[in-house]
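The block underneath contains the structure these notes are about, expressed in structure tokens.
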Amino acid sequence: LPPSPPHPGAPHPLLQRLAHAMARRKKARVGDNSPKKDENNDAKGALKRNRFSPAAIVKLYDDLTVDKKTVIRRMFLGSFLDIKCEVLHNYLVDYVARSYDNSSRSFIFPGRGVLPLTEQSVHEVLGAPNGLDGVPYHEDHALEDELVPDLFGIGNSRPKVSDVAKAIIACEVADDRFKRLWLIYVVSTCLAPTTDTKISNKCYPMLAYINRMEDLNMQITSRPAHALF
């Protein structure tokens, strides 16, 4: 996780993301209520993209075979197979966000206790790798050109997140290609979602660790003072 903001009053990046998500949902409620086509739901069975929500992952559960789930757990990402709540409710998000204290990097709930927001606490909750190497989250066009043809086809380096979900479902075996798709999907839907409906090409460098995930620290990137999520 990134260090505390330099100014005492500056909000934590995670809280900024939550606030932006809430603002978008509020705008959607008070805006035009006429039906609109969802570009992520343009085919039968396509998954709706819901940023900052684990719903996109939960919807894949029924399509994951035992072999696929076993591989995911060996990648130290098994916690994403045990999500109990797929919706983030605005009131709860607002309450948690307002409970965050920058100086102590923790959530303070008067009369109930304190929850730290540190690398170790995130690791304990998510079970994500907590190794020594920061996650390489940047553009690497050479590696991108090498991996894209096998993953998505030539010239399709930034497919829709929903298309990645379809590719995961279509995988017949839980091989390295499946593992790369799953890592991209988890990062794109939960750990580091962007405002785009397509995946970020910054995801490709981390795929070099696909068979040694334990070496990664999923709480930080390889760039100083930056967090993956």
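Following the order of the structure tokens, first chain is A, next is B, and so on, with residues numbered from 1 inside each chain and ligands from 1 in the order they appear.
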
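Residues of range 162-198 of chain A that DSSP places in alpha helix (DSSP H), based on the backbone of this structure, are Ser162, Asp163, Val164, Ala165, Lys166, Ala167, Ile168, Ile169, Ala170, Asp176, Arg177, Phe178, Lys179, Arg180, Leu181, Trp182, Leu183, Ile184, Tyr185 and Val186 of chain A.
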
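In this model, the gap between CA of Val58 in chain A and CA of Ile184 in chain A comes to 15.5 Å.
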
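Backbone DSSP over range 67-220 of chain A yields strand (DSSP E) at A:Tyr100, A:Asp101, A:Ser106, A:Phe107, A:Ile108, A:Phe109, A:Gly113, A:Val114, A:Leu115, A:Pro116, A:Asp133, A:Gly134, A:Val135, A:Leu216, A:Asn217, A:Met218, A:Gln219, A:Ile220.
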
With C-alpha atoms retained, export the selected residues as a PDB file, in the first residue's frame.
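Below is the file selection.pdb, written as the result:
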ATOM      1  CA  TYR A 100     -10.484   5.997   7.610  1.00  0.00           C
ATOM      2  CA  ASP A 101      -7.715   7.836   9.471  1.00  0.00           C
ATOM      3  CA  SER A 106      -6.454   2.425   9.667  1.00  0.00           C
ATOM      4  CA  PHE A 107     -10.232   2.400   9.884  1.00  0.00           C
ATOM      5  CA  ILE A 108     -11.391   3.603  13.277  1.00  0.00           C
ATOM      6  CA  PHE A 109     -14.818   2.520  14.504  1.00  0.00           C
ATOM      7  CA  GLY A 113     -12.152  -1.182  17.360  1.00  0.00           C
ATOM      8  CA  VAL A 114      -9.555  -0.412  14.701  1.00  0.00           C
ATOM      9  CA  LEU A 115      -8.817  -2.147  11.390  1.00  0.00           C
ATOM     10  CA  PRO A 116      -5.325  -1.440   9.987  1.00  0.00           C
ATOM     11  CA  ASP A 133       8.865  -8.174  -5.711  1.00  0.00           C
ATOM     12  CA  GLY A 134       6.535  -5.290  -6.442  1.00  0.00           C
ATOM     13  CA  VAL A 135       3.973  -5.961  -9.153  1.00  0.00           C
ATOM     14  CA  LEU A 216       5.026 -10.957  -5.949  1.00  0.00           C
ATOM     15  CA  ASN A 217       3.797  -8.498  -3.376  1.00  0.00           C
ATOM     16  CA  MET A 218       0.283  -7.862  -4.678  1.00  0.00           C
ATOM     17  CA  GLN A 219      -0.051  -4.893  -2.340  1.00  0.00           C
ATOM     18  CA  ILE A 220       2.524  -2.725  -4.148  1.00  0.00           C
TER      19      ILE A 220
END

9 Å contact set for range 173-180 of chain A, only C-alpha atoms, chain neighbours under 3 positions out, as a PDB file with C-alpha atoms, in the first residue's frame:
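Output below, filename selection.pdb:
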ATOM      1  CA  THR A  65     -14.222 -26.430 -13.091  1.00  0.00           C
ATOM      2  CA  ASP A  67      -9.232 -28.056 -11.995  1.00  0.00           C
ATOM      3  CA  LYS A  68      -9.528 -24.330 -12.672  1.00  0.00           C
ATOM      4  CA  LYS A  69     -10.333 -23.573  -9.038  1.00  0.00           C
ATOM      5  CA  THR A  70      -7.377 -25.671  -7.900  1.00  0.00           C
ATOM      6  CA  VAL A  71      -5.034 -23.735 -10.185  1.00  0.00           C
ATOM      7  CA  ILE A  72      -6.424 -20.408  -8.958  1.00  0.00           C
ATOM      8  CA  MET A  75      -1.786 -18.895  -7.619  1.00  0.00           C
ATOM      9  CA  ASP A 150      -2.039 -16.547 -27.738  1.00  0.00           C
ATOM     10  CA  LEU A 151      -4.346 -14.749 -25.309  1.00  0.00           C
ATOM     11  CA  ALA A 167     -12.225 -16.407 -22.783  1.00  0.00           C
ATOM     12  CA  ILE A 168     -11.899 -17.758 -19.228  1.00  0.00           C
ATOM     13  CA  LEU A 183      -4.854 -12.745 -13.346  1.00  0.00           C
ATOM     14  CA  ILE A 184      -5.748 -10.089 -15.922  1.00  0.00           C
ATOM     15  CA  TYR A 185      -9.428 -10.435 -15.020  1.00  0.00           C
ATOM     16  CA  TYR A 204       1.037  -7.708 -19.300  1.00  0.00           C
ATOM     17  CA  LEU A 207       2.165 -12.168 -16.431  1.00  0.00           C
ATOM     18  CA  ILE A 210       2.473 -16.482 -13.662  1.00  0.00           C
ATOM     19  CA  ASN A 211       4.322 -19.584 -12.399  1.00  0.00           C
TER      20      ASN A 211
END
